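J.: Structure file structure.cif, mmCIF, C-alpha atoms, is pasted below:
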data_run
loop_
_atom_site.group_PDB
_atom_site.id
_atom_site.type_symbol
_atom_site.label_atom_id
_atom_site.label_comp_id
_atom_site.auth_asym_id
_atom_site.auth_seq_id
_atom_site.Cartn_x
_atom_site.Cartn_y
_atom_site.Cartn_z
ATOM 1 C CA MET G 4 87.110 -124.556 28.467
ATOM 2 C CA THR G 5 85.225 -127.662 29.449
ATOM 3 C CA GLY G 6 81.665 -128.541 28.709
ATOM 4 C CA THR G 7 78.745 -130.786 29.378
ATOM 5 C CA VAL G 8 76.158 -131.503 26.724
ATOM 6 C CA PHE G 9 73.049 -133.057 28.171
ATOM 7 C CA GLN G 10 71.656 -136.055 26.355
ATOM 8 C CA ILE G 11 69.852 -134.694 23.337
ATOM 9 C CA GLY G 12 66.165 -135.525 23.547
ATOM 10 C CA VAL G 13 66.016 -135.511 27.353
ATOM 11 C CA THR G 14 64.728 -132.055 28.166
ATOM 12 C CA SER G 15 65.134 -131.909 31.948
ATOM 13 C CA CYS G 16 68.320 -129.877 31.466
ATOM 14 C CA GLY G 17 66.359 -126.642 32.023
ATOM 15 C CA TYR G 18 65.627 -127.738 35.596
ATOM 16 C CA ILE G 19 69.237 -128.754 36.206
ATOM 17 C CA MET G 20 70.511 -125.423 34.898
ATOM 18 C CA ALA G 21 67.966 -123.584 37.091
ATOM 19 C CA ASP G 22 69.304 -125.401 40.165
ATOM 20 C CA LEU G 23 72.842 -124.345 39.276
ATOM 21 C CA VAL G 24 71.792 -120.704 38.899
ATOM 22 C CA GLU G 25 69.873 -120.776 42.205
ATOM 23 C CA HIS G 26 72.748 -122.277 44.174
ATOM 24 C CA HIS G 27 75.689 -120.533 42.470
ATOM 25 C CA PRO G 28 74.537 -117.298 40.774
ATOM 26 C CA ASP G 29 77.963 -115.704 41.196
ATOM 27 C CA LYS G 30 79.481 -118.434 39.033
ATOM 28 C CA VAL G 31 76.990 -118.026 36.172
ATOM 29 C CA ILE G 32 78.190 -115.731 33.395
ATOM 30 C CA GLY G 33 75.031 -115.938 31.305
ATOM 31 C CA THR G 34 73.052 -117.991 28.834
ATOM 32 C CA PHE G 35 72.570 -118.192 25.082
ATOM 33 C CA TRP G 36 69.118 -119.146 23.754
ATOM 34 C CA LEU G 37 68.950 -120.578 20.233
ATOM 35 C CA PRO G 38 66.181 -121.984 18.101
ATOM 36 C CA SER G 39 67.080 -125.555 17.220
ATOM 37 C CA THR G 40 68.183 -124.853 13.649
ATOM 38 C CA PRO G 41 69.376 -121.850 11.628
ATOM 39 C CA LYS G 42 66.220 -122.152 9.500
ATOM 40 C CA ASP G 43 64.069 -121.878 12.633
ATOM 41 C CA TYR G 44 66.026 -118.797 13.679
ATOM 42 C CA ASP G 45 65.511 -117.180 10.272
ATOM 43 C CA GLU G 46 61.759 -117.900 10.278
ATOM 44 C CA LEU G 47 60.799 -116.768 13.789
ATOM 45 C CA THR G 48 57.631 -114.696 13.908
ATOM 46 C CA CYS G 49 58.191 -113.196 17.363
ATOM 47 C CA LYS G 50 60.547 -110.449 18.567
ATOM 48 C CA TRP G 51 63.202 -113.015 19.550
ATOM 49 C CA VAL G 52 66.349 -111.049 18.723
ATOM 50 C CA ASP G 53 64.997 -107.926 20.445
ATOM 51 C CA TYR G 54 65.157 -109.528 23.903
ATOM 52 C CA VAL G 55 68.895 -108.918 23.851
ATOM 53 C CA LEU G 56 68.147 -105.178 24.152
ATOM 54 C CA GLU G 57 66.207 -105.565 27.425
ATOM 55 C CA GLU G 58 67.672 -104.558 30.798
ATOM 56 C CA ASN G 59 66.666 -107.916 32.317
ATOM 57 C CA GLN G 60 66.557 -110.263 29.337
ATOM 58 C CA ALA G 61 65.319 -113.287 31.272
ATOM 59 C CA GLN G 62 62.433 -111.307 32.774
ATOM 60 C CA ALA G 63 61.456 -110.030 29.320
ATOM 61 C CA LEU G 64 61.401 -113.613 28.041
ATOM 62 C CA LEU G 65 59.306 -114.654 31.062
ATOM 63 C CA ASP G 66 56.871 -111.796 30.431
ATOM 64 C CA ASP G 67 56.280 -113.216 26.938
ATOM 65 C CA ILE G 68 56.440 -116.911 27.874
ATOM 66 C CA ASP G 69 52.949 -117.634 26.499
ATOM 67 C CA ILE G 70 53.865 -116.112 23.139
ATOM 68 C CA LEU G 71 57.188 -117.948 23.037
ATOM 69 C CA ASP G 72 55.631 -121.241 24.106
ATOM 70 C CA SER G 73 53.244 -121.064 21.149
ATOM 71 C CA GLU G 74 55.965 -120.101 18.641
ATOM 72 C CA PRO G 75 56.387 -123.270 16.526
ATOM 73 C CA ARG G 76 60.035 -122.450 15.720
ATOM 74 C CA LEU G 77 60.831 -122.511 19.449
ATOM 75 C CA TYR G 78 59.029 -125.707 20.444
ATOM 76 C CA THR G 79 62.460 -127.110 21.155
ATOM 77 C CA HIS G 80 65.352 -124.746 21.601
ATOM 78 C CA THR G 81 68.917 -124.934 22.790
ATOM 79 C CA VAL G 82 70.148 -123.287 25.949
ATOM 80 C CA ILE G 83 73.863 -122.866 26.575
ATOM 81 C CA LEU G 84 74.753 -121.768 30.096
ATOM 82 C CA LEU G 85 78.230 -120.359 30.698
ATOM 83 C CA THR G 86 79.806 -120.740 34.109
ATOM 84 C CA GLY G 87 82.965 -119.063 35.264
ATOM 85 C CA ASN G 88 85.611 -119.362 37.916
ATOM 86 C CA PRO G 89 85.566 -116.219 40.115
ATOM 87 C CA ASN G 90 89.216 -116.900 41.031
ATOM 88 C CA ASN G 91 90.192 -116.912 37.350
ATOM 89 C CA PRO G 92 87.665 -114.744 35.468
ATOM 90 C CA GLY G 93 89.054 -115.752 32.073
ATOM 91 C CA ASP G 94 88.232 -119.406 32.700
ATOM 92 C CA TYR G 95 84.763 -120.550 31.735
ATOM 93 C CA SER G 96 82.826 -123.741 31.065
ATOM 94 C CA PHE G 97 79.430 -124.519 29.654
ATOM 95 C CA LEU G 98 76.348 -126.678 30.005
ATOM 96 C CA ALA G 99 74.242 -127.177 26.889
ATOM 97 C CA GLY G 100 70.989 -128.902 26.185
ATOM 98 C CA VAL G 101 67.831 -128.902 24.151
ATOM 99 C CA THR G 102 64.718 -128.003 26.097
ATOM 100 C CA ARG G 103 61.186 -126.646 25.811
ATOM 101 C CA PHE G 104 59.712 -123.591 27.513
ATOM 102 C CA LEU G 105 57.900 -125.876 29.963
ATOM 103 C CA GLU G 106 61.325 -126.762 31.395
ATOM 104 C CA SER G 107 62.938 -123.403 30.611
ATOM 105 C CA ALA G 108 60.567 -121.337 32.750
ATOM 106 C CA SER G 109 62.304 -122.319 35.986
ATOM 107 C CA LEU G 110 65.666 -121.385 34.470
ATOM 108 C CA LEU G 111 64.321 -118.043 33.264
ATOM 109 C CA LYS G 112 62.951 -117.279 36.761
ATOM 110 C CA ALA G 113 66.346 -117.993 38.339
ATOM 111 C CA LEU G 114 68.153 -115.891 35.721
ATOM 112 C CA ALA G 115 65.674 -113.019 36.109
ATOM 113 C CA LYS G 116 66.017 -113.038 39.901
ATOM 114 C CA HIS G 117 69.758 -112.375 39.582
ATOM 115 C CA ASN G 118 69.513 -110.415 36.295
ATOM 116 C CA ILE G 119 71.841 -112.859 34.551
ATOM 117 C CA PRO G 120 71.873 -112.461 30.749
ATOM 118 C CA ALA G 121 69.655 -114.565 28.512
ATOM 119 C CA HIS G 122 71.175 -113.682 25.148
ATOM 120 C CA THR G 123 68.955 -114.351 22.109
ATOM 121 C CA GLU G 124 70.861 -112.785 19.219
ATOM 122 C CA VAL G 125 73.221 -115.446 17.890
ATOM 123 C CA SER G 126 74.787 -116.828 14.757
ATOM 124 C CA TYR G 127 75.280 -120.400 13.676
ATOM 125 C CA PRO G 128 78.387 -121.907 12.096
ATOM 126 C CA SER G 129 78.195 -122.022 8.302
ATOM 127 C CA SER G 130 78.438 -125.825 8.461
ATOM 128 C CA PHE G 131 75.017 -125.893 10.157
ATOM 129 C CA TYR G 132 73.387 -124.582 7.002
ATOM 130 C CA ASP G 133 74.705 -127.535 5.010
ATOM 131 C CA LEU G 134 73.278 -130.203 7.327
ATOM 132 C CA ASP G 135 70.083 -131.865 6.190
ATOM 133 C CA THR G 136 68.408 -132.241 9.529
ATOM 134 C CA THR G 137 65.266 -131.339 11.396
ATOM 135 C CA SER G 138 64.531 -130.019 14.849
ATOM 136 C CA TYR G 139 67.267 -130.680 17.392
ATOM 137 C CA ASP G 140 68.996 -133.435 15.376
ATOM 138 C CA ILE G 141 71.530 -130.813 14.343
ATOM 139 C CA TRP G 142 72.922 -130.642 17.876
ATOM 140 C CA SER G 143 73.359 -134.398 18.235
ATOM 141 C CA LYS G 144 75.659 -134.359 15.204
ATOM 142 C CA LEU G 145 78.252 -132.258 17.057
ATOM 143 C CA SER G 146 81.151 -133.727 19.002
ATOM 144 C CA LEU G 147 82.182 -132.124 22.279
ATOM 145 C CA ALA G 148 85.075 -130.467 20.412
ATOM 146 C CA ASP G 149 82.565 -129.024 17.891
ATOM 147 C CA TRP G 150 80.423 -127.666 20.745
ATOM 148 C CA GLU G 151 83.472 -126.093 22.398
ATOM 149 C CA GLU G 152 84.633 -124.511 19.161
ATOM 150 C CA TYR G 153 81.176 -123.117 18.391
ATOM 151 C CA ILE G 154 80.717 -121.713 21.886
ATOM 152 C CA ARG G 155 84.216 -120.275 22.203
ATOM 153 C CA LEU G 156 84.719 -118.939 18.663
ATOM 154 C CA THR G 157 81.188 -117.920 17.754
ATOM 155 C CA LEU G 158 78.964 -117.391 20.750
ATOM 156 C CA VAL G 159 81.398 -116.012 23.318
ATOM 157 C CA SER G 160 83.817 -114.142 21.079
ATOM 158 C CA VAL G 161 81.171 -112.657 18.769
ATOM 159 C CA HIS G 162 78.021 -112.383 20.893
ATOM 160 C CA GLY G 163 79.191 -112.771 24.483
ATOM 161 C CA GLN G 164 81.591 -109.895 25.026
ATOM 162 C CA GLU G 165 79.063 -107.781 26.922
ATOM 163 C CA MET G 166 77.983 -110.862 28.884
ATOM 164 C CA LEU G 167 81.560 -111.413 30.060
ATOM 165 C CA ARG G 168 82.010 -107.734 30.868
ATOM 166 C CA SER G 169 78.822 -107.734 32.971
ATOM 167 C CA TRP G 170 79.943 -110.830 34.869
ATOM 168 C CA TRP G 171 83.335 -109.281 35.601
ATOM 169 C CA GLU G 172 81.534 -106.189 36.931
ATOM 170 C CA ARG G 173 79.307 -108.370 39.140
ATOM 171 C CA LEU G 174 82.415 -110.071 40.532
ATOM 172 C CA VAL G 175 83.986 -106.736 41.479
ATOM 173 C CA ALA G 176 80.741 -105.507 43.084
ATOM 174 C CA ARG G 177 80.366 -108.458 45.438
#
If you convert what's in this file into structure tokens, what do you get?

T.:
Amino acid sequence: MTGTVFQIGVTSCGYIMADLVEHHPDKVIGTFWLPSTPKDYDELTCKWVDYVLEENQAQALLDDIDILDSEPRLYTHTVILLTGNPNNPGDYSFLAGVTRFLESASLLKALAKHNIPAHTEVSYPSSFYDLDTTSYDIWSKLSLADWEEYIRLTLVSVHGQEMLRSWWERLVAR
């Protein structure tokens, strides 16, 4: 696995990810959407984790964009986009960045158009709970190896199994 973590604090990554989805939807496995800290995740007042149950998760998020945009725990959030190699379906990479819904809307539209998963039910590594940090500072404390470990061992292996299965099915159908 290889990864790119966009400069934390520069939120144009949502637009860059949207361009990737628009130009290469067959190479996009799916996305994970995370509030910036575990505390934010635990204190959300919206139906955040329920979006994972929707048929088109990105469209459901878009339908509620005004609610989500006003949710203080989501003012900044992390998006992790998984890309895969159609010639080797077990090989995947990621792009990660902290963004706001202003920038995320274009990504959600691209994901919804191709019904690519926007997974919202996640878990954080236990070490995240020990960090004394606010907002997106937590993400800047991770090395690339930490990001890779978190994505591979927590997000993909625990929460992304259905996402991978759906991508493999899309590859066969094309």

J.: On this file, the PyMOL selection byres ((chain G and resi 127) around 10) gives some set of residues; write that set as a PDB file with C-alpha atoms, keeping the file's coordinate frame.

T.:
ATOM      1  CA  LEU G  37      68.950-120.578  20.233  1.00  0.00           C
ATOM      2  CA  THR G  40      68.183-124.853  13.649  1.00  0.00           C
ATOM      3  CA  PRO G  41      69.376-121.850  11.628  1.00  0.00           C
ATOM      4  CA  TYR G  44      66.026-118.797  13.679  1.00  0.00           C
ATOM      5  CA  VAL G 125      73.221-115.446  17.890  1.00  0.00           C
ATOM      6  CA  SER G 126      74.787-116.828  14.757  1.00  0.00           C
ATOM      7  CA  PRO G 128      78.387-121.907  12.096  1.00  0.00           C
ATOM      8  CA  SER G 129      78.195-122.022   8.302  1.00  0.00           C
ATOM      9  CA  SER G 130      78.438-125.825   8.461  1.00  0.00           C
ATOM     10  CA  PHE G 131      75.017-125.893  10.157  1.00  0.00           C
ATOM     11  CA  TYR G 132      73.387-124.582   7.002  1.00  0.00           C
ATOM     12  CA  TYR G 153      81.176-123.117  18.391  1.00  0.00           C
ATOM     13  CA  ILE G 154      80.717-121.713  21.886  1.00  0.00           C
ATOM     14  CA  THR G 157      81.188-117.920  17.754  1.00  0.00           C
ATOM     15  CA  LEU G 158      78.964-117.391  20.750  1.00  0.00           C
TER      16      LEU G 158
END

J.: Which distance in Å separates atom CA of G:Ile70 and atom CA of G:Pro38, to one decimal?

T.: 14.5 Å

J.: Which is closer to G:Gly17 than all the others in G:Val101, G:Ala176, G:Leu145, G:Val161, using all atoms listed in the file?

T.: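 Closest candidate: G:Val101.
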
J.: With the PyMOL selection byres ((chain G and resi 47) around 12) as the selection, what would be picked from this file? Answer as a list in words, please.

T.: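 On this input, the PyMOL selection byres ((chain G and resi 47) around 12) captures Leu37, Pro38, Ser39, Thr40, Pro41, Lys42, Asp43, Tyr44, Asp45, Glu46, Thr48, Cys49, Lys50, Trp51, Val52, Asp53, Ile70, Leu71, Ser73, Glu74, Pro75, Arg76, Leu77, Tyr78 and Thr123 of chain G.
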
J.: Spell out the residues picked by the PyMOL selection byres ((chain G and resi 108) around 10) here, as a list in words.

T.: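 Output from the PyMOL selection byres ((chain G and resi 108) around 10), applied to this file: Gly17, Tyr18, Ala21, Ala61, Leu64, Leu65, Ile68, Asp72, Arg103, Phe104, Leu105, Glu106, Ser107, Ser109, Leu110, Leu111, Lys112, Ala113 and Leu114 of chain G.
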
J.: With C-alpha atoms kept, could you save the residues just selected as a compact mmCIF listing (two decimals), in the frame of the given file?

T.:
# COMPACT_ATOMS: atom_id res chain seq x y z
CA GLY G 17 66.36 -126.64 32.02
CA TYR G 18 65.63 -127.74 35.60
CA ALA G 21 67.97 -123.58 37.09
CA ALA G 61 65.32 -113.29 31.27
CA LEU G 64 61.40 -113.61 28.04
CA LEU G 65 59.31 -114.65 31.06
CA ILE G 68 56.44 -116.91 27.87
CA ASP G 72 55.63 -121.24 24.11
CA ARG G 103 61.19 -126.65 25.81
CA PHE G 104 59.71 -123.59 27.51
CA LEU G 105 57.90 -125.88 29.96
CA GLU G 106 61.32 -126.76 31.40
CA SER G 107 62.94 -123.40 30.61
CA SER G 109 62.30 -122.32 35.99
CA LEU G 110 65.67 -121.38 34.47
CA LEU G 111 64.32 -118.04 33.26
CA LYS G 112 62.95 -117.28 36.76
CA ALA G 113 66.35 -117.99 38.34
CA LEU G 114 68.15 -115.89 35.72

J.: Mind listing whatever residues come within 9 Å of the point (77.0, -127.3, 25.9)? Use only C-alpha atoms, file coordinates, and give them as number ranges by chain.

T.: G: 5-9, 81-85, 96-100, 147, 150-151, 154

J.: How many Å separate atom CA of G:Thr79 from atom CA of G:Thr102?

T.: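 A separation of 5.5 Å between them.
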
J.: To test the calculation: enclose all listed atoms of stretch 161-168 of chain G in a box whose edges run along x, y and z, add 4 Å on each side, then state centre and edge lengths in Å to one decimal, as AutoDock Vina command-line options.

T.:
--center_x 80.0 --center_y -110.3 --center_z 24.8 --size_x 12.0 --size_y 13.0 --size_z 20.1
